[in-house]
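Structure record follows, encoded as structure tokens.
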Amino acid sequence: MTQPELLRDPESGLLSGAFFRETLGYRIAAGRRMLHPVSIALVRVSRRTPVPDVVAALQHTLRDADVACRTEDGTYAVILEDTPENGAVWTVERLNQRLVAESGGGSAELPVVWAGVACYPAHALDAPELLARTEAALSAACEWSQHRIEVALPE
């Protein structure tokens, strides 16, 4: 694989999970220098929702400065600079609303969105710990059968 291929998820066209893991530390360091919060969200969407629909909803929902990636297991990872945890929760809510609206609103086919959210510095002070807390929050959200957003527990 060439370097540009490593940066992109082939199915979605979004940046890859490897890019997400590599850039997260840099984004946290920038937040630390500028005294700004940095939130991350890990999002899983029910399998019946086509990947292009999720990508379109992400592109419509996120700001230009935000980073959207798709990891190897199909989870969507989002880095939201200068965004506290409540802003990250609202972003995931807007994503969910967009997916529901685009699905036509038929109750049998509504997408289900599960998400874990964590924020630097409220939940962790470095990238590995922030990611671990976000993964734990996502795991807790996935225990529910309906749409659920879990916020990480503070340090």
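Residue numbering restarts at 1 in every chain; chains get A, B, ... in the order shown in the structure tokens, and ligands count up from 1 in that same order.
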* **Contacts of Ala68 in chain A at 12 Å (only C-alpha atoms; same-chain gap of 4+ positions) as a ChimeraX atom specification** => /A:7-9,12-17,19-21,23-24,40-43,54-64,75-81
Those selected residues, please, written with N, CA and C atoms and delivered as a compact mmCIF listing (two decimals), in the first residue's frame.
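Final file, selection.txt:
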```
# COMPACT_ATOMS: atom_id res chain seq x y z
N LEU A 7 -3.96 6.30 4.63
CA LEU A 7 -4.66 7.39 5.30
C LEU A 7 -6.18 7.29 5.17
N ARG A 8 -6.66 6.50 4.23
CA ARG A 8 -8.10 6.45 3.94
C ARG A 8 -8.67 5.06 4.15
N ASP A 9 -9.89 5.03 4.67
CA ASP A 9 -10.65 3.80 4.74
C ASP A 9 -11.21 3.55 3.34
N SER A 12 -15.34 3.79 3.02
CA SER A 12 -16.03 5.05 3.29
C SER A 12 -15.37 6.26 2.65
N GLY A 13 -14.07 6.17 2.38
CA GLY A 13 -13.33 7.33 1.90
C GLY A 13 -12.91 8.27 3.01
N LEU A 14 -13.34 7.99 4.25
CA LEU A 14 -12.93 8.80 5.39
C LEU A 14 -11.48 8.49 5.75
N LEU A 15 -10.89 9.32 6.58
CA LEU A 15 -9.56 9.04 7.09
C LEU A 15 -9.59 7.73 7.88
N SER A 16 -8.47 7.07 7.97
CA SER A 16 -8.40 5.73 8.56
C SER A 16 -8.26 5.77 10.08
N GLY A 17 -8.45 4.61 10.68
CA GLY A 17 -8.24 4.47 12.12
C GLY A 17 -6.79 4.72 12.49
N PHE A 19 -4.81 6.83 11.03
CA PHE A 19 -4.67 8.29 11.05
C PHE A 19 -5.25 8.86 12.34
N PHE A 20 -6.42 8.36 12.74
CA PHE A 20 -7.05 8.83 13.97
C PHE A 20 -6.12 8.64 15.17
N ARG A 21 -5.59 7.43 15.32
CA ARG A 21 -4.72 7.15 16.47
C ARG A 21 -3.45 8.00 16.43
N THR A 23 -3.04 11.05 14.89
CA THR A 23 -3.27 12.49 15.02
C THR A 23 -3.87 12.90 16.37
N LEU A 24 -4.49 11.97 17.07
CA LEU A 24 -5.13 12.31 18.34
C LEU A 24 -4.16 12.95 19.33
N ILE A 40 -13.51 13.71 21.84
CA ILE A 40 -13.57 12.66 20.83
C ILE A 40 -14.85 11.86 21.06
N ALA A 41 -15.37 11.36 19.95
CA ALA A 41 -16.55 10.51 19.99
C ALA A 41 -16.26 9.28 19.14
N LEU A 42 -16.59 8.13 19.68
CA LEU A 42 -16.55 6.89 18.93
C LEU A 42 -18.00 6.50 18.70
N VAL A 43 -18.37 6.30 17.44
CA VAL A 43 -19.75 6.10 17.06
C VAL A 43 -19.91 4.80 16.28
N VAL A 54 -23.99 7.21 6.30
CA VAL A 54 -23.31 7.68 7.51
C VAL A 54 -22.27 8.73 7.15
N VAL A 55 -21.52 8.49 6.09
CA VAL A 55 -20.50 9.45 5.65
C VAL A 55 -21.15 10.78 5.30
N ALA A 56 -22.24 10.74 4.56
CA ALA A 56 -22.94 11.98 4.18
C ALA A 56 -23.45 12.71 5.42
N ALA A 57 -23.99 11.98 6.38
CA ALA A 57 -24.48 12.60 7.61
C ALA A 57 -23.33 13.22 8.41
N LEU A 58 -22.21 12.53 8.47
CA LEU A 58 -21.03 13.07 9.16
C LEU A 58 -20.57 14.36 8.49
N GLN A 59 -20.46 14.33 7.17
CA GLN A 59 -19.98 15.50 6.44
C GLN A 59 -20.93 16.68 6.61
N HIS A 60 -22.21 16.41 6.71
CA HIS A 60 -23.19 17.48 6.91
C HIS A 60 -23.16 18.02 8.34
N THR A 61 -22.86 17.16 9.29
CA THR A 61 -22.93 17.52 10.71
C THR A 61 -21.66 18.19 11.22
N LEU A 62 -20.50 17.73 10.77
CA LEU A 62 -19.23 18.20 11.33
C LEU A 62 -18.78 19.53 10.73
N ARG A 63 -17.97 20.23 11.50
CA ARG A 63 -17.34 21.47 11.03
C ARG A 63 -16.12 21.10 10.18
N ASP A 64 -15.62 22.06 9.42
CA ASP A 64 -14.44 21.82 8.59
C ASP A 64 -13.22 21.45 9.44
N THR A 75 -16.12 1.33 13.27
CA THR A 75 -16.52 2.41 14.17
C THR A 75 -16.09 3.73 13.55
N TYR A 76 -16.90 4.74 13.73
CA TYR A 76 -16.56 6.09 13.26
C TYR A 76 -15.95 6.84 14.44
N ALA A 77 -14.80 7.45 14.22
CA ALA A 77 -14.09 8.19 15.26
C ALA A 77 -14.04 9.65 14.85
N VAL A 78 -14.41 10.52 15.77
CA VAL A 78 -14.49 11.94 15.48
C VAL A 78 -13.66 12.71 16.51
N ILE A 79 -12.84 13.63 16.02
CA ILE A 79 -12.09 14.54 16.89
C ILE A 79 -12.70 15.92 16.72
N LEU A 80 -13.11 16.51 17.84
CA LEU A 80 -13.76 17.81 17.83
C LEU A 80 -12.91 18.79 18.63
N GLU A 81 -12.16 19.62 17.93
CA GLU A 81 -11.30 20.58 18.61
C GLU A 81 -12.12 21.73 19.18
```
List every residue of chain A that DSSP, applied to the backbone, labels as strand (DSSP E), and write the result as a short mmCIF file (atom, residue, chain, number, x, y, z; two decimals) with N, CA and C atoms, in the first residue's frame.
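Output contents, as saved in selection_22.cif:
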```cif
data_model
loop_
_atom_site.label_atom_id
_atom_site.label_comp_id
_atom_site.auth_asym_id
_atom_site.auth_seq_id
_atom_site.Cartn_x
_atom_site.Cartn_y
_atom_site.Cartn_z
N LEU A 15 -10.89 9.32 6.58
CA LEU A 15 -9.56 9.04 7.09
C LEU A 15 -9.59 7.73 7.88
N SER A 16 -8.47 7.07 7.97
CA SER A 16 -8.40 5.73 8.56
C SER A 16 -8.26 5.77 10.08
N VAL A 38 -10.65 19.39 23.87
CA VAL A 38 -10.71 18.55 22.67
C VAL A 38 -11.56 17.34 23.04
N SER A 39 -12.62 17.14 22.30
CA SER A 39 -13.48 15.99 22.55
C SER A 39 -13.30 14.96 21.46
N ILE A 40 -13.51 13.71 21.84
CA ILE A 40 -13.57 12.66 20.83
C ILE A 40 -14.85 11.86 21.06
N ALA A 41 -15.37 11.36 19.95
CA ALA A 41 -16.55 10.51 19.99
C ALA A 41 -16.26 9.28 19.14
N LEU A 42 -16.59 8.13 19.68
CA LEU A 42 -16.55 6.89 18.93
C LEU A 42 -18.00 6.50 18.70
N VAL A 43 -18.37 6.30 17.44
CA VAL A 43 -19.75 6.10 17.06
C VAL A 43 -19.91 4.80 16.28
N ARG A 44 -20.88 4.00 16.69
CA ARG A 44 -21.27 2.81 15.92
C ARG A 44 -22.70 3.02 15.45
N VAL A 45 -22.95 2.62 14.23
CA VAL A 45 -24.27 2.76 13.64
C VAL A 45 -24.75 1.38 13.24
N VAL A 67 -12.37 16.24 12.61
CA VAL A 67 -11.76 15.12 11.90
C VAL A 67 -12.68 13.90 12.04
N ALA A 68 -13.07 13.33 10.91
CA ALA A 68 -13.89 12.11 10.91
C ALA A 68 -13.07 10.97 10.32
N CYS A 69 -13.05 9.85 11.02
CA CYS A 69 -12.29 8.68 10.59
C CYS A 69 -13.16 7.44 10.70
N ARG A 70 -12.77 6.38 10.02
CA ARG A 70 -13.44 5.08 10.18
C ARG A 70 -12.38 4.07 10.53
N TYR A 76 -16.90 4.74 13.73
CA TYR A 76 -16.56 6.09 13.26
C TYR A 76 -15.95 6.84 14.44
N ALA A 77 -14.80 7.45 14.22
CA ALA A 77 -14.09 8.19 15.26
C ALA A 77 -14.04 9.65 14.85
N VAL A 78 -14.41 10.52 15.77
CA VAL A 78 -14.49 11.94 15.48
C VAL A 78 -13.66 12.71 16.51
N ILE A 79 -12.84 13.63 16.02
CA ILE A 79 -12.09 14.54 16.89
C ILE A 79 -12.70 15.92 16.72
N LEU A 80 -13.11 16.51 17.84
CA LEU A 80 -13.76 17.81 17.83
C LEU A 80 -12.91 18.79 18.63
N GLU A 81 -12.16 19.62 17.93
CA GLU A 81 -11.30 20.58 18.61
C GLU A 81 -12.12 21.73 19.18
N VAL A 113 -27.87 4.47 16.73
CA VAL A 113 -26.54 5.06 16.92
C VAL A 113 -26.15 4.87 18.38
N TRP A 114 -24.97 4.30 18.57
CA TRP A 114 -24.38 4.18 19.91
C TRP A 114 -23.09 5.00 19.89
N ALA A 115 -22.82 5.74 20.96
CA ALA A 115 -21.62 6.56 20.97
C ALA A 115 -21.03 6.65 22.38
N GLY A 116 -19.72 6.76 22.40
CA GLY A 116 -18.97 7.06 23.61
C GLY A 116 -18.28 8.39 23.39
N VAL A 117 -18.31 9.26 24.39
CA VAL A 117 -17.74 10.60 24.30
C VAL A 117 -16.82 10.83 25.49
N ALA A 118 -15.68 11.46 25.22
CA ALA A 118 -14.78 11.90 26.28
C ALA A 118 -14.11 13.19 25.85
N CYS A 119 -13.63 13.95 26.82
CA CYS A 119 -13.07 15.27 26.53
C CYS A 119 -11.78 15.49 27.32
N TYR A 120 -10.78 16.05 26.62
CA TYR A 120 -9.58 16.55 27.28
C TYR A 120 -9.91 17.96 27.73
N ARG A 148 -28.07 5.46 22.04
CA ARG A 148 -27.51 5.77 23.37
C ARG A 148 -26.17 6.48 23.21
N ILE A 149 -25.98 7.53 23.98
CA ILE A 149 -24.69 8.22 24.06
C ILE A 149 -24.26 8.15 25.51
N GLU A 150 -23.07 7.62 25.74
CA GLU A 150 -22.49 7.56 27.09
C GLU A 150 -21.29 8.50 27.15
N VAL A 151 -21.22 9.27 28.20
CA VAL A 151 -20.08 10.16 28.43
C VAL A 151 -19.14 9.45 29.41
#
```
* Contacts of Val100 in chain A at 10 Å (only C-alpha atoms; same-chain gap of 3+ positions) as a PyMOL selection string -> chain A and resi 49+57+94-97+103-107+109-113
* Find the residue from A:Ala132, A:Val51, A:Leu153, A:Ala65 that sits nearest to Arg27 in chain A; use only C-alpha atoms when measuring. =>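 Of A:Ala132, A:Val51, A:Leu153, A:Ala65, the one nearest Arg27 in chain A is A:Ala65, counting only C-alpha atoms.
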* **A:Pro128, A:Arg98, A:Ala140, A:Asp82 ranked by distance to Met34 in chain A, top pick (using only C-alpha atoms)** => A:Asp82
* **alpha helix (DSSP H) per DSSP on the backbone: members of range 15-101 of chain A, as a ChimeraX atom specification** => /A:17-34,51-61,85-101
Selection from above, C-alpha atoms, as an mmCIF file, in the first residue's frame, can you write it?
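Heads up, here's the output in part.cif:
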```
data_model
loop_
_atom_site.group_PDB
_atom_site.id
_atom_site.type_symbol
_atom_site.label_atom_id
_atom_site.label_comp_id
_atom_site.auth_asym_id
_atom_site.auth_seq_id
_atom_site.Cartn_x
_atom_site.Cartn_y
_atom_site.Cartn_z
ATOM 1 C CA GLY A 17 -8.238 4.466 12.116
ATOM 2 C CA ALA A 18 -4.446 4.584 11.890
ATOM 3 C CA PHE A 19 -4.668 8.287 11.046
ATOM 4 C CA PHE A 20 -7.053 8.827 13.974
ATOM 5 C CA ARG A 21 -4.721 7.145 16.473
ATOM 6 C CA GLU A 22 -1.697 9.032 15.106
ATOM 7 C CA THR A 23 -3.271 12.488 15.021
ATOM 8 C CA LEU A 24 -5.134 12.309 18.338
ATOM 9 C CA GLY A 25 -1.980 12.948 20.370
ATOM 10 C CA TYR A 26 -1.141 15.988 18.253
ATOM 11 C CA ARG A 27 -4.649 17.400 18.647
ATOM 12 C CA ILE A 28 -4.505 16.910 22.436
ATOM 13 C CA ALA A 29 -1.096 18.623 22.541
ATOM 14 C CA ALA A 30 -2.489 21.569 20.562
ATOM 15 C CA GLY A 31 -5.449 21.784 22.948
ATOM 16 C CA ARG A 32 -3.065 21.782 25.902
ATOM 17 C CA ARG A 33 -0.955 24.582 24.383
ATOM 18 C CA MET A 34 -3.970 26.744 23.566
ATOM 19 C CA VAL A 51 -21.876 3.427 4.940
ATOM 20 C CA PRO A 52 -22.440 6.209 2.334
ATOM 21 C CA ASP A 53 -25.430 7.457 4.366
ATOM 22 C CA VAL A 54 -23.309 7.681 7.513
ATOM 23 C CA VAL A 55 -20.501 9.445 5.651
ATOM 24 C CA ALA A 56 -22.936 11.979 4.185
ATOM 25 C CA ALA A 57 -24.480 12.604 7.611
ATOM 26 C CA LEU A 58 -21.034 13.074 9.162
ATOM 27 C CA GLN A 59 -19.982 15.504 6.442
ATOM 28 C CA HIS A 60 -23.187 17.482 6.906
ATOM 29 C CA THR A 61 -22.928 17.515 10.713
ATOM 30 C CA GLU A 85 -18.196 17.267 26.240
ATOM 31 C CA ASN A 86 -21.665 18.810 25.894
ATOM 32 C CA GLY A 87 -20.746 20.033 22.402
ATOM 33 C CA ALA A 88 -19.637 16.524 21.476
ATOM 34 C CA VAL A 89 -22.899 15.057 22.769
ATOM 35 C CA TRP A 90 -24.858 17.595 20.695
ATOM 36 C CA THR A 91 -22.794 16.713 17.636
ATOM 37 C CA VAL A 92 -23.652 13.018 18.010
ATOM 38 C CA GLU A 93 -27.318 13.917 18.577
ATOM 39 C CA ARG A 94 -27.333 15.971 15.356
ATOM 40 C CA LEU A 95 -25.715 13.052 13.533
ATOM 41 C CA ASN A 96 -28.420 10.717 14.835
ATOM 42 C CA GLN A 97 -31.200 13.142 13.861
ATOM 43 C CA ARG A 98 -29.755 13.474 10.375
ATOM 44 C CA LEU A 99 -29.568 9.698 9.911
ATOM 45 C CA VAL A 100 -33.160 9.273 11.130
ATOM 46 C CA ALA A 101 -34.393 12.045 8.828
#
```
* One-decimal distance in Å that lies between CA of Ala137 in chain A and CA of Ala152 in chain A ->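 Straight-line distance from CA of Ala152 in chain A to CA of Ala137 in chain A works out to 5.2 Å.
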* Structure fact -> Correct to one decimal, the distance CA of Pro154 in chain A-CA of Thr83 in chain A is 16.2 Å
* Asked: Just how far from CA of Arg48 in chain A is CA of Gln146 in chain A, in Å to one decimal?
  ->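 Taking CA of Gln146 in chain A as the start and CA of Arg48 in chain A as the end point, the length is 13.8 Å.
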